[in-house]
Each structure stands twice: as C-alpha cells, then as structure tokens.
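Heads up, work-v4.csv below (CSV, C-alpha atoms):
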```
chain,number,residue,atom,x,y,z
A,1,MET,CA,50.9,59.6,142.4
A,2,ILE,CA,54.6,59.4,141.5
A,3,LEU,CA,55.5,60.8,145.0
A,4,GLU,CA,53.1,58.4,146.6
A,5,LYS,CA,55.2,55.6,145.1
A,6,GLY,CA,58.3,57.0,146.8
A,7,MET,CA,59.9,58.2,143.6
A,8,THR,CA,61.0,61.6,144.9
A,9,ASN,CA,64.1,62.0,142.8
A,10,VAL,CA,62.5,64.7,140.7
A,11,SER,CA,65.7,65.6,138.7
A,12,VAL,CA,65.7,62.0,137.4
A,13,LEU,CA,62.0,62.1,136.6
A,14,LEU,CA,62.5,65.3,134.6
A,15,GLY,CA,65.9,64.3,133.1
A,16,GLY,CA,64.5,62.0,130.6
A,17,TRP,CA,65.5,58.5,129.6
A,18,ALA,CA,69.2,58.8,130.0
A,19,ALA,CA,68.9,60.2,133.5
A,20,TRP,CA,66.5,57.4,134.4
A,21,GLN,CA,69.0,54.7,133.3
A,22,GLN,CA,71.9,56.4,134.9
A,23,ALA,CA,70.1,56.5,138.2
A,24,GLY,CA,69.8,52.7,138.1
A,25,TYR,CA,66.0,52.7,138.1
A,26,PRO,CA,64.5,49.5,136.7
A,27,LEU,CA,63.8,49.0,133.1
A,28,GLU,CA,60.7,47.2,131.8
A,29,GLY,CA,61.4,43.5,131.6
A,30,THR,CA,64.4,43.5,133.9
A,31,ARG,CA,64.3,41.2,136.9
A,32,LEU,CA,64.7,43.0,140.2
A,33,PRO,CA,67.0,41.3,142.7
A,34,THR,CA,65.0,39.5,145.3
A,35,PRO,CA,65.8,40.0,149.0
A,36,PRO,CA,67.8,37.1,150.5
A,37,THR,CA,65.6,34.6,152.2
A,38,ALA,CA,66.6,32.8,155.4
A,39,VAL,CA,68.8,29.9,154.5
A,40,VAL,CA,68.5,28.3,157.9
A,41,ASP,CA,65.3,27.3,159.5
A,42,LEU,CA,65.8,28.2,163.1
A,43,GLU,CA,63.2,25.8,164.3
A,44,GLU,CA,64.6,22.9,162.4
A,45,MET,CA,68.3,23.4,163.0
A,46,THR,CA,68.3,20.9,165.9
A,47,VAL,CA,66.6,18.1,164.0
A,48,LEU,CA,68.0,15.1,162.2
A,49,GLY,CA,66.0,12.8,160.0
A,50,ASP,CA,62.8,12.8,158.0
A,51,ALA,CA,59.7,14.7,159.0
A,52,ASP,CA,57.6,11.7,158.4
A,53,ALA,CA,59.7,9.2,160.3
A,54,PRO,CA,57.5,6.8,162.4
A,55,VAL,CA,59.5,7.3,165.5
A,56,VAL,CA,60.4,10.7,167.0
A,57,ILE,CA,63.1,11.0,169.7
A,58,GLU,CA,63.3,14.2,171.6
A,59,ASP,CA,66.5,14.6,173.5
A,60,PHE,CA,66.3,17.2,176.3
A,61,THR,CA,69.9,18.1,176.6
A,62,ASP,CA,72.1,20.2,178.8
A,63,PHE,CA,75.5,20.8,177.2
A,64,GLN,CA,77.2,21.2,180.6
B,1,MET,CA,75.5,10.5,174.3
B,2,LEU,CA,77.5,11.3,171.2
B,3,GLN,CA,78.3,7.6,170.7
B,4,THR,CA,74.7,6.6,171.1
B,5,LEU,CA,73.6,9.3,168.7
B,6,SER,CA,76.1,8.1,166.2
B,7,GLN,CA,74.7,4.6,166.4
B,8,LEU,CA,71.2,5.9,166.2
B,9,LYS,CA,72.1,7.9,163.1
B,10,GLU,CA,73.7,4.9,161.4
B,11,THR,CA,70.9,2.5,162.3
B,12,TYR,CA,67.7,4.5,162.2
B,13,ILE,CA,68.0,8.1,161.3
B,14,GLU,CA,69.7,7.8,158.0
B,15,SER,CA,67.2,5.1,156.9
B,16,GLY,CA,64.3,7.4,157.7
B,17,LEU,CA,62.9,5.5,160.6
B,18,VAL,CA,63.7,8.0,163.3
B,19,ARG,CA,63.6,11.7,163.6
B,20,TYR,CA,65.9,13.0,166.3
B,21,VAL,CA,65.2,16.4,167.9
B,22,VAL,CA,67.4,18.2,170.3
B,23,ARG,CA,65.5,20.2,172.9
B,24,ASP,CA,67.6,22.5,175.1
B,25,PHE,CA,67.1,22.0,178.7
B,26,PRO,CA,70.0,23.9,180.5
B,27,LEU,CA,69.8,23.2,184.2
B,28,PRO,CA,70.0,26.2,186.5
B,29,SER,CA,72.8,24.4,188.5
B,30,HIS,CA,75.0,24.6,185.4
B,31,PRO,CA,76.0,28.2,184.9
B,32,ASN,CA,77.3,27.9,181.4
B,33,ALA,CA,74.7,25.6,180.0
B,34,ALA,CA,72.3,28.3,178.7
B,35,ILE,CA,75.1,30.2,176.9
B,36,ALA,CA,76.3,26.9,175.5
B,37,ALA,CA,72.8,26.1,174.1
B,38,GLU,CA,72.8,29.6,172.6
B,39,ALA,CA,76.2,29.1,171.1
B,40,ALA,CA,75.0,25.9,169.4
B,41,ARG,CA,72.0,27.8,168.0
B,42,CYS,CA,74.2,30.8,166.9
B,43,ALA,CA,76.4,28.3,165.0
B,44,GLY,CA,73.2,26.8,163.6
B,45,ALA,CA,72.2,30.2,162.3
B,46,GLN,CA,75.3,29.8,160.1
B,47,GLY,CA,74.3,26.2,159.2
B,48,SER,CA,76.7,24.5,161.7
B,49,TYR,CA,74.5,23.5,164.6
B,50,TRP,CA,75.6,19.9,164.7
B,51,PRO,CA,79.4,20.5,164.4
B,52,MET,CA,79.1,23.0,167.3
B,53,HIS,CA,76.9,20.6,169.2
B,54,ASP,CA,79.6,17.9,168.9
B,55,LEU,CA,82.4,20.3,169.7
B,56,LEU,CA,80.7,21.5,172.9
B,57,PHE,CA,80.3,18.0,174.2
B,58,ASN,CA,83.8,17.0,173.2
B,59,ARG,CA,85.3,20.1,174.9
B,60,GLN,CA,83.0,20.2,177.9
B,61,ARG,CA,85.9,19.9,180.4
B,62,GLN,CA,87.5,23.0,178.9
B,63,TRP,CA,84.6,25.4,179.0
B,64,SER,CA,82.6,24.1,181.9
B,65,PRO,CA,84.6,25.7,184.7
B,66,GLN,CA,85.1,29.1,182.9
B,67,ASP,CA,83.5,32.3,184.0
B,68,ALA,CA,80.9,34.1,181.8
B,69,GLU,CA,83.4,36.3,179.9
B,70,GLN,CA,85.9,33.4,179.3
B,71,VAL,CA,83.3,31.0,178.1
B,72,ARG,CA,82.0,33.5,175.6
B,73,ASP,CA,85.5,34.0,174.2
B,74,THR,CA,86.0,30.2,174.1
B,75,PHE,CA,82.8,29.7,172.1
B,76,VAL,CA,83.9,32.4,169.6
B,77,GLU,CA,87.2,30.5,169.2
B,78,TYR,CA,85.2,27.3,168.5
B,79,ALA,CA,83.2,29.2,165.9
B,80,GLY,CA,86.5,30.1,164.3
B,81,GLU,CA,87.6,26.5,164.3
B,82,LEU,CA,84.4,25.7,162.5
B,83,ALA,CA,85.2,28.4,159.9
B,84,LEU,CA,82.2,30.4,160.9
B,85,ASP,CA,81.9,34.2,160.7
B,86,THR,CA,83.1,34.9,164.2
B,87,ASP,CA,81.9,38.5,164.2
B,88,ALA,CA,78.4,37.4,163.4
B,89,PHE,CA,78.6,34.6,165.9
B,90,GLY,CA,79.9,36.9,168.6
B,91,GLU,CA,77.1,39.4,167.9
B,92,CYS,CA,74.5,36.6,168.0
B,93,LEU,CA,75.8,35.4,171.4
B,94,GLU,CA,76.0,39.0,172.7
B,95,ALA,CA,72.5,39.9,171.6
B,96,GLY,CA,71.0,36.7,173.0
B,97,GLU,CA,68.7,36.7,170.0
B,98,LEU,CA,68.3,32.9,169.9
B,99,GLY,CA,67.8,32.6,173.6
B,100,GLU,CA,64.0,32.6,173.1
B,101,LEU,CA,64.3,29.3,171.3
B,102,VAL,CA,66.1,27.8,174.2
B,103,ARG,CA,63.6,29.2,176.7
B,104,GLN,CA,60.8,27.8,174.6
B,105,ASP,CA,62.4,24.3,174.7
B,106,VAL,CA,62.7,24.6,178.5
B,107,TRP,CA,59.1,25.5,178.8
B,108,GLU,CA,58.1,22.5,176.6
B,109,GLY,CA,60.3,20.2,178.6
B,110,GLU,CA,58.8,21.3,181.9
B,111,GLN,CA,55.3,20.8,180.5
B,112,ALA,CA,56.4,17.3,179.4
B,113,GLY,CA,57.6,16.5,183.0
B,114,VAL,CA,61.3,16.8,182.4
B,115,ARG,CA,63.1,17.4,185.6
B,116,GLY,CA,66.7,16.7,184.7
B,117,THR,CA,69.1,15.7,181.9
B,118,PRO,CA,69.5,13.6,180.0
B,119,SER,CA,65.8,13.0,179.4
B,120,PHE,CA,64.2,11.7,176.2
B,121,ARG,CA,60.7,11.4,174.8
B,122,ILE,CA,60.2,8.6,172.4
B,123,ASN,CA,56.9,9.1,170.5
B,124,GLY,CA,55.8,11.1,173.6
B,125,GLN,CA,56.9,8.5,176.2
B,126,LEU,CA,59.3,10.1,178.7
B,127,ILE,CA,62.5,8.4,179.8
B,128,GLN,CA,64.8,10.0,182.2
B,129,GLY,CA,68.5,9.1,182.5
B,130,ALA,CA,71.4,8.0,180.3
B,131,TYR,CA,70.9,4.7,178.5
B,132,PRO,CA,73.0,2.7,176.1
B,133,PHE,CA,72.1,2.3,172.4
B,134,GLU,CA,70.6,-1.1,173.1
B,135,THR,CA,67.9,0.4,175.3
B,136,PHE,CA,67.0,2.9,172.6
B,137,GLN,CA,67.0,0.1,170.1
B,138,GLU,CA,64.4,-1.9,172.1
B,139,LEU,CA,62.1,1.1,172.6
B,140,ILE,CA,62.4,2.1,168.9
B,141,GLU,CA,61.7,-1.4,167.7
B,142,ALA,CA,58.6,-1.5,169.9
B,143,GLU,CA,57.4,1.8,168.4
B,144,LEU,CA,58.2,0.5,164.9
B,145,ASP,CA,56.2,-2.6,165.5
B,146,LYS,CA,53.2,-0.5,166.5
B,147,SER,CA,53.5,1.5,163.2
B,148,ARG,CA,53.8,-1.6,161.0
```
As a first step, turn the structure in this file into structure tokens.
Amino acid sequence: MILEKGMTNVSVLLGGWAAWQQAGYPLEGTRLPTPPTAVVDLEEMTVLGDADAPVVIEDFTDFQ
Amino acid sequence: MLQTLSQLKETYIESGLVRYVVRDFPLPSHPNAAIAAEAARCAGAQGSYWPMHDLLFNRQRQWSPQDAEQVRDTFVEYAGELALDTDAFGECLEAGELGELVRQDVWEGEQAGVRGTPSFRINGQLIQGAYPFETFQELIEAELDKSR
C-alpha cells in the first residue's frame, strides 16, 4: 500500500522519525504548499468593464 | 480608436454601463497583424494586455513594415519596456501558444459577418468602420434606453 502511494524511499520509511523529518516529508497538521493557480484569466484579458454591464461592445481589431 | 476607447472608458466603462471586449481579427493582408495580436496576448499572460495593446497602436508605424524576425525582436523590446519577463514573453511568442485564442476570435468574427476592421458589435448589432465617440454614444444610449 505504501508503494502504491508513491512512497518508494524505503530507507526513509525504515529510518524512523528523524529520517522522515530530515527527508522533508509532511508532518500531521502541517499545511502543504498549494500549486500556483493561474493569475491571469486568458479569456478575460481583453475585457474592460463589469460582466453585468447592460451594453457590450465587441471591438474586432487588427493591430496593423 | 485609442482616443475613442479612452472616452468610452471615462464615460461608460468605469461607471459599469459598458463592457468592452477586444476580439482579434488580424487581416491576411497585414502580415504582422497576427503576431501583434499574439504579442498582446503574451503580454496579457503576464497581466499587461492593455499596456501592450496601447503600445502596439502607438508604435504601429515602427513595427508594421518590419519582417517576421525583426518584428518579433521589436515586440520583445516592447515587453522589456513594460518591465515584463522578456524570456517568458519571447518563449510565448515563439511557441505560438496563445494563437489559438486569436484564431477563435477570427472564427467568431467571421460567423458574426465581420469582413474588415475596425468592426464592432454593440449588443450584437454589427457596425463596420471607424466612428467617432459621438456615434458610439448615440448607439450606447439607445441600448441603455432599452434596458431601463
């Protein structure tokens, strides 16, 4: 079961508490870092104004 | 258009009455238009779509006549001016990873009947050509009257 969970560092598993901590494995109650989420919404980057505005202007543009 | 957009912002967008959406519609006759659209998107991926949008319009005369390699370098320089991560920006342009968003806009424009630029849709109503702020104002007020 341990191997199924991807914990294949057997020396750490057998090395006791100190080895576990030294390997940087999580401790109960600690918060794991969360992966960064996308800061920019790629669909919304070209939009100005409120989503519920009564008038929507779409500007089909060609920069050149 | 930048001046009209500035007036629209001040009069309608900031007060929540208008939502303004740029849709890319690079014309095939403009060889640098598609890469410019992608450059704006790549800047947008770093949170700077609008500064790059404005810069591209303001420097249009500089980059328009350039060849493909030059124009790429120029856009990376612009990214530097905007204090963006130029490596990430260059990689984004090179990979063309946001080109799909541009192509999606073109497809939607074609479906909406857009044949050239500038073209606008105001609550779905298509208007082709460049118009002063006052024309937009008239059309916006008509739409606002309908919603009141």
I'd like the interatomic distance between CA of Val102 (chain B) and CA of Asp24 (chain B), to a tenth of an Å.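 Spanning CA of Val102 (chain B) to CA of Asp24 (chain B) is a straight-line distance of 5.6 Å.
All residues of protein, DNA or RNA that reach within 12 Å of region 60-65 of chain B, judged by only C-alpha atoms and not counting those fewer than 4 positions away in the chain, are Asp62, Phe63 and Gln64 of chain A; Ser29, His30, Pro31, Asn32, Ala33, Ala34, Ile35, Ala36, Met52, His53, Asp54, Leu55, Leu56, Glu69, Gln70, Val71, Arg72, Asp73, Thr74, Phe75, Val76, Glu77 and Tyr78 of chain B.
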Select from chain A every residue with an atom at most 9 Å from any atom of chain B, then for each give the shortest pair of atoms and their distance in Å to one decimal, using all atoms listed in the file, rows by chain and rising number, as JSON lines.
```
{"residue": "A:Val39", "atom": "CA", "partner": "B:Gly47", "partner_atom": "CA", "distance": 8.1}
{"residue": "A:Val40", "atom": "CA", "partner": "B:Ala45", "partner_atom": "CA", "distance": 6.1}
{"residue": "A:Asp41", "atom": "CA", "partner": "B:Ala45", "partner_atom": "CA", "distance": 8.0}
{"residue": "A:Leu42", "atom": "CA", "partner": "B:Ala45", "partner_atom": "CA", "distance": 6.8}
{"residue": "A:Glu43", "atom": "CA", "partner": "B:Leu101", "partner_atom": "CA", "distance": 7.9}
{"residue": "A:Glu44", "atom": "CA", "partner": "B:Val21", "partner_atom": "CA", "distance": 8.5}
{"residue": "A:Met45", "atom": "CA", "partner": "B:Gly44", "partner_atom": "CA", "distance": 6.0}
{"residue": "A:Thr46", "atom": "CA", "partner": "B:Val22", "partner_atom": "CA", "distance": 5.2}
{"residue": "A:Val47", "atom": "CA", "partner": "B:Val21", "partner_atom": "CA", "distance": 4.5}
{"residue": "A:Leu48", "atom": "CA", "partner": "B:Tyr20", "partner_atom": "CA", "distance": 5.1}
{"residue": "A:Gly49", "atom": "CA", "partner": "B:Arg19", "partner_atom": "CA", "distance": 4.5}
{"residue": "A:Asp50", "atom": "CA", "partner": "B:Gly16", "partner_atom": "CA", "distance": 5.6}
{"residue": "A:Ala51", "atom": "CA", "partner": "B:Arg19", "partner_atom": "CA", "distance": 6.7}
{"residue": "A:Asp52", "atom": "CA", "partner": "B:Arg19", "partner_atom": "CA", "distance": 7.9}
{"residue": "A:Ala53", "atom": "CA", "partner": "B:Leu17", "partner_atom": "CA", "distance": 4.9}
{"residue": "A:Pro54", "atom": "CA", "partner": "B:Leu17", "partner_atom": "CA", "distance": 5.8}
{"residue": "A:Val55", "atom": "CA", "partner": "B:Val18", "partner_atom": "CA", "distance": 4.8}
{"residue": "A:Val56", "atom": "CA", "partner": "B:Arg19", "partner_atom": "CA", "distance": 4.8}
{"residue": "A:Ile57", "atom": "CA", "partner": "B:Ile122", "partner_atom": "CA", "distance": 4.6}
{"residue": "A:Glu58", "atom": "CA", "partner": "B:Val21", "partner_atom": "CA", "distance": 4.7}
{"residue": "A:Asp59", "atom": "CA", "partner": "B:Phe120", "partner_atom": "CA", "distance": 4.6}
{"residue": "A:Phe60", "atom": "CA", "partner": "B:Arg23", "partner_atom": "CA", "distance": 4.6}
{"residue": "A:Thr61", "atom": "CA", "partner": "B:Asp24", "partner_atom": "CA", "distance": 5.2}
{"residue": "A:Asp62", "atom": "CA", "partner": "B:Pro26", "partner_atom": "CA", "distance": 4.6}
{"residue": "A:Phe63", "atom": "CA", "partner": "B:Ala33", "partner_atom": "CA", "distance": 5.6}
{"residue": "A:Gln64", "atom": "CA", "partner": "B:Ala33", "partner_atom": "CA", "distance": 5.1}
```
Filtering to C-alpha atoms, could you give me those residues as a compact mmCIF listing (two decimals), in the coordinates of the input?
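Generated file (part37.txt):
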```
# COMPACT_ATOMS: atom_id res chain seq x y z
CA VAL A 39 68.80 29.90 154.50
CA VAL A 40 68.50 28.30 157.90
CA ASP A 41 65.30 27.30 159.50
CA LEU A 42 65.80 28.20 163.10
CA GLU A 43 63.20 25.80 164.30
CA GLU A 44 64.60 22.90 162.40
CA MET A 45 68.30 23.40 163.00
CA THR A 46 68.30 20.90 165.90
CA VAL A 47 66.60 18.10 164.00
CA LEU A 48 68.00 15.10 162.20
CA GLY A 49 66.00 12.80 160.00
CA ASP A 50 62.80 12.80 158.00
CA ALA A 51 59.70 14.70 159.00
CA ASP A 52 57.60 11.70 158.40
CA ALA A 53 59.70 9.20 160.30
CA PRO A 54 57.50 6.80 162.40
CA VAL A 55 59.50 7.30 165.50
CA VAL A 56 60.40 10.70 167.00
CA ILE A 57 63.10 11.00 169.70
CA GLU A 58 63.30 14.20 171.60
CA ASP A 59 66.50 14.60 173.50
CA PHE A 60 66.30 17.20 176.30
CA THR A 61 69.90 18.10 176.60
CA ASP A 62 72.10 20.20 178.80
CA PHE A 63 75.50 20.80 177.20
CA GLN A 64 77.20 21.20 180.60
```
Which distance in Å separates CA of Ala39 (chain B) and CA of Leu84 (chain B), to one decimal?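 We find that CA of Ala39 (chain B) and CA of Leu84 (chain B) lie 11.9 Å from each other.
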Would you work out the distance separating CA of Gly80 (chain B) from CA of Cys92 (chain B), expressed in Å to one decimal?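 Straight-line distance from CA of Gly80 (chain B) to CA of Cys92 (chain B) works out to 14.1 Å.
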Exercise: Glu134 (chain B) partners within 10 Å, all atoms listed in the file, chain neighbours under 6 positions left out, as a ChimeraX atom specification: /B:4,7-8,140
File for region 54-99 of chain B (N, CA and C atoms), as an mmCIF file, in the first residue's frame:
```
data_model
loop_
_atom_site.group_PDB
_atom_site.id
_atom_site.type_symbol
_atom_site.label_atom_id
_atom_site.label_comp_id
_atom_site.auth_asym_id
_atom_site.auth_seq_id
_atom_site.Cartn_x
_atom_site.Cartn_y
_atom_site.Cartn_z
ATOM 1 N N ASP B 54 -2.000 49.222 -26.135
ATOM 2 C CA ASP B 54 -1.816 50.651 -26.430
ATOM 3 C C ASP B 54 -0.473 50.903 -27.103
ATOM 4 N N LEU B 55 0.559 50.225 -26.625
ATOM 5 C CA LEU B 55 1.896 50.410 -27.197
ATOM 6 C C LEU B 55 1.923 49.982 -28.670
ATOM 7 N N LEU B 56 1.271 48.878 -28.966
ATOM 8 C CA LEU B 56 1.247 48.387 -30.354
ATOM 9 C C LEU B 56 0.565 49.394 -31.276
ATOM 10 N N PHE B 57 -0.508 49.989 -30.819
ATOM 11 C CA PHE B 57 -1.171 51.000 -31.646
ATOM 12 C C PHE B 57 -0.312 52.261 -31.770
ATOM 13 N N ASN B 58 0.282 52.654 -30.664
ATOM 14 C CA ASN B 58 1.079 53.889 -30.700
ATOM 15 C C ASN B 58 2.352 53.760 -31.534
ATOM 16 N N ARG B 59 2.898 52.557 -31.624
ATOM 17 C CA ARG B 59 4.151 52.353 -32.380
ATOM 18 C C ARG B 59 3.924 51.617 -33.702
ATOM 19 N N GLN B 60 2.692 51.646 -34.162
ATOM 20 C CA GLN B 60 2.330 50.886 -35.360
ATOM 21 C C GLN B 60 3.271 51.166 -36.541
ATOM 22 N N ARG B 61 3.647 52.428 -36.693
ATOM 23 C CA ARG B 61 4.498 52.801 -37.839
ATOM 24 C C ARG B 61 5.878 52.166 -37.742
ATOM 25 N N GLN B 62 6.323 51.916 -36.518
ATOM 26 C CA GLN B 62 7.651 51.319 -36.349
ATOM 27 C C GLN B 62 7.652 49.844 -36.765
ATOM 28 N N TRP B 63 6.695 49.079 -36.274
ATOM 29 C CA TRP B 63 6.764 47.627 -36.486
ATOM 30 C C TRP B 63 6.036 47.135 -37.735
ATOM 31 N N SER B 64 5.112 47.935 -38.245
ATOM 32 C CA SER B 64 4.327 47.472 -39.404
ATOM 33 C C SER B 64 5.183 47.039 -40.605
ATOM 34 N N PRO B 65 6.205 47.821 -40.986
ATOM 35 C CA PRO B 65 6.954 47.423 -42.186
ATOM 36 C C PRO B 65 8.030 46.367 -41.938
ATOM 37 N N GLN B 66 8.197 45.935 -40.690
ATOM 38 C CA GLN B 66 9.304 45.025 -40.390
ATOM 39 C C GLN B 66 9.032 43.602 -40.883
ATOM 40 N N ASP B 67 10.141 42.856 -41.092
ATOM 41 C CA ASP B 67 9.942 41.452 -41.468
ATOM 42 C C ASP B 67 9.705 40.617 -40.204
ATOM 43 N N ALA B 68 9.412 39.340 -40.414
ATOM 44 C CA ALA B 68 8.959 38.478 -39.314
ATOM 45 C C ALA B 68 9.961 38.424 -38.157
ATOM 46 N N GLU B 69 11.244 38.359 -38.508
ATOM 47 C CA GLU B 69 12.257 38.240 -37.435
ATOM 48 C C GLU B 69 12.401 39.557 -36.669
ATOM 49 N N GLN B 70 12.447 40.646 -37.442
ATOM 50 C CA GLN B 70 12.585 41.977 -36.819
ATOM 51 C C GLN B 70 11.411 42.275 -35.882
ATOM 52 N N VAL B 71 10.234 41.955 -36.361
ATOM 53 C CA VAL B 71 9.045 42.338 -35.601
ATOM 54 C C VAL B 71 8.984 41.578 -34.270
ATOM 55 N N ARG B 72 9.447 40.355 -34.308
ATOM 56 C CA ARG B 72 9.491 39.560 -33.076
ATOM 57 C C ARG B 72 10.430 40.237 -32.063
ATOM 58 N N ASP B 73 11.611 40.639 -32.557
ATOM 59 C CA ASP B 73 12.582 41.305 -31.679
ATOM 60 C C ASP B 73 12.007 42.619 -31.137
ATOM 61 N N THR B 74 11.314 43.329 -32.016
ATOM 62 C CA THR B 74 10.726 44.603 -31.593
ATOM 63 C C THR B 74 9.708 44.377 -30.476
ATOM 64 N N PHE B 75 8.890 43.355 -30.630
ATOM 65 C CA PHE B 75 7.865 43.103 -29.608
ATOM 66 C C PHE B 75 8.510 42.682 -28.281
ATOM 67 N N VAL B 76 9.617 41.950 -28.373
ATOM 68 C CA VAL B 76 10.324 41.574 -27.135
ATOM 69 C C VAL B 76 10.880 42.844 -26.467
ATOM 70 N N GLU B 77 11.356 43.778 -27.291
ATOM 71 C CA GLU B 77 11.825 45.067 -26.734
ATOM 72 C C GLU B 77 10.677 45.791 -26.030
ATOM 73 N N TYR B 78 9.528 45.791 -26.657
ATOM 74 C CA TYR B 78 8.353 46.434 -26.037
ATOM 75 C C TYR B 78 8.040 45.765 -24.692
ATOM 76 N N ALA B 79 8.143 44.436 -24.687
ATOM 77 C CA ALA B 79 7.879 43.716 -23.427
ATOM 78 C C ALA B 79 8.855 44.186 -22.348
ATOM 79 N N GLY B 80 10.105 44.422 -22.766
ATOM 80 C CA GLY B 80 11.099 44.938 -21.820
ATOM 81 C C GLY B 80 10.728 46.321 -21.318
ATOM 82 N N GLU B 81 10.229 47.144 -22.233
ATOM 83 C CA GLU B 81 9.812 48.497 -21.830
ATOM 84 C C GLU B 81 8.685 48.450 -20.810
ATOM 85 N N LEU B 82 7.872 47.425 -20.920
ATOM 86 C CA LEU B 82 6.747 47.292 -19.980
ATOM 87 C C LEU B 82 7.147 46.511 -18.724
ATOM 88 N N ALA B 83 8.463 46.255 -18.603
ATOM 89 C CA ALA B 83 9.018 45.555 -17.437
ATOM 90 C C ALA B 83 8.454 44.137 -17.295
ATOM 91 N N LEU B 84 8.201 43.501 -18.447
ATOM 92 C CA LEU B 84 7.739 42.110 -18.404
ATOM 93 C C LEU B 84 8.955 41.184 -18.401
ATOM 94 N N ASP B 85 8.703 39.928 -18.113
ATOM 95 C CA ASP B 85 9.740 38.906 -18.203
ATOM 96 C C ASP B 85 9.944 38.626 -19.702
ATOM 97 N N THR B 86 11.015 39.174 -20.259
ATOM 98 C CA THR B 86 11.188 39.096 -21.723
ATOM 99 C C THR B 86 11.474 37.669 -22.198
ATOM 100 N N ASP B 87 12.117 36.866 -21.333
ATOM 101 C CA ASP B 87 12.357 35.470 -21.738
ATOM 102 C C ASP B 87 11.028 34.738 -21.893
ATOM 103 N N ALA B 88 10.180 34.888 -20.882
ATOM 104 C CA ALA B 88 8.873 34.213 -20.922
ATOM 105 C C ALA B 88 8.030 34.752 -22.078
ATOM 106 N N PHE B 89 8.132 36.056 -22.295
ATOM 107 C CA PHE B 89 7.374 36.679 -23.390
ATOM 108 C C PHE B 89 7.843 36.126 -24.743
ATOM 109 N N GLY B 90 9.176 36.082 -24.916
ATOM 110 C CA GLY B 90 9.757 35.575 -26.167
ATOM 111 C C GLY B 90 9.362 34.121 -26.405
ATOM 112 N N GLU B 91 9.392 33.332 -25.327
ATOM 113 C CA GLU B 91 9.016 31.915 -25.461
ATOM 114 C C GLU B 91 7.541 31.781 -25.842
ATOM 115 N N CYS B 92 6.725 32.626 -25.254
ATOM 116 C CA CYS B 92 5.285 32.602 -25.549
ATOM 117 C C CYS B 92 5.052 32.911 -27.024
ATOM 118 N N LEU B 93 5.758 33.929 -27.529
ATOM 119 C CA LEU B 93 5.614 34.296 -28.946
ATOM 120 C C LEU B 93 6.110 33.168 -29.849
ATOM 121 N N GLU B 94 7.265 32.628 -29.475
ATOM 122 C CA GLU B 94 7.892 31.583 -30.277
ATOM 123 C C GLU B 94 7.001 30.342 -30.357
ATOM 124 N N ALA B 95 6.429 29.998 -29.211
ATOM 125 C CA ALA B 95 5.612 28.780 -29.145
ATOM 126 C C ALA B 95 4.254 28.979 -29.812
ATOM 127 N N GLY B 96 3.852 30.221 -29.926
ATOM 128 C CA GLY B 96 2.534 30.496 -30.519
ATOM 129 C C GLY B 96 1.401 29.923 -29.695
ATOM 130 N N GLU B 97 1.659 29.795 -28.387
ATOM 131 C CA GLU B 97 0.705 29.065 -27.546
ATOM 132 C C GLU B 97 -0.630 29.795 -27.356
ATOM 133 N N LEU B 98 -0.649 31.102 -27.591
ATOM 134 C CA LEU B 98 -1.915 31.829 -27.429
ATOM 135 C C LEU B 98 -2.572 32.143 -28.773
ATOM 136 N N GLY B 99 -1.941 31.626 -29.826
ATOM 137 C CA GLY B 99 -2.500 31.840 -31.165
ATOM 138 C C GLY B 99 -3.896 31.248 -31.307
#
```
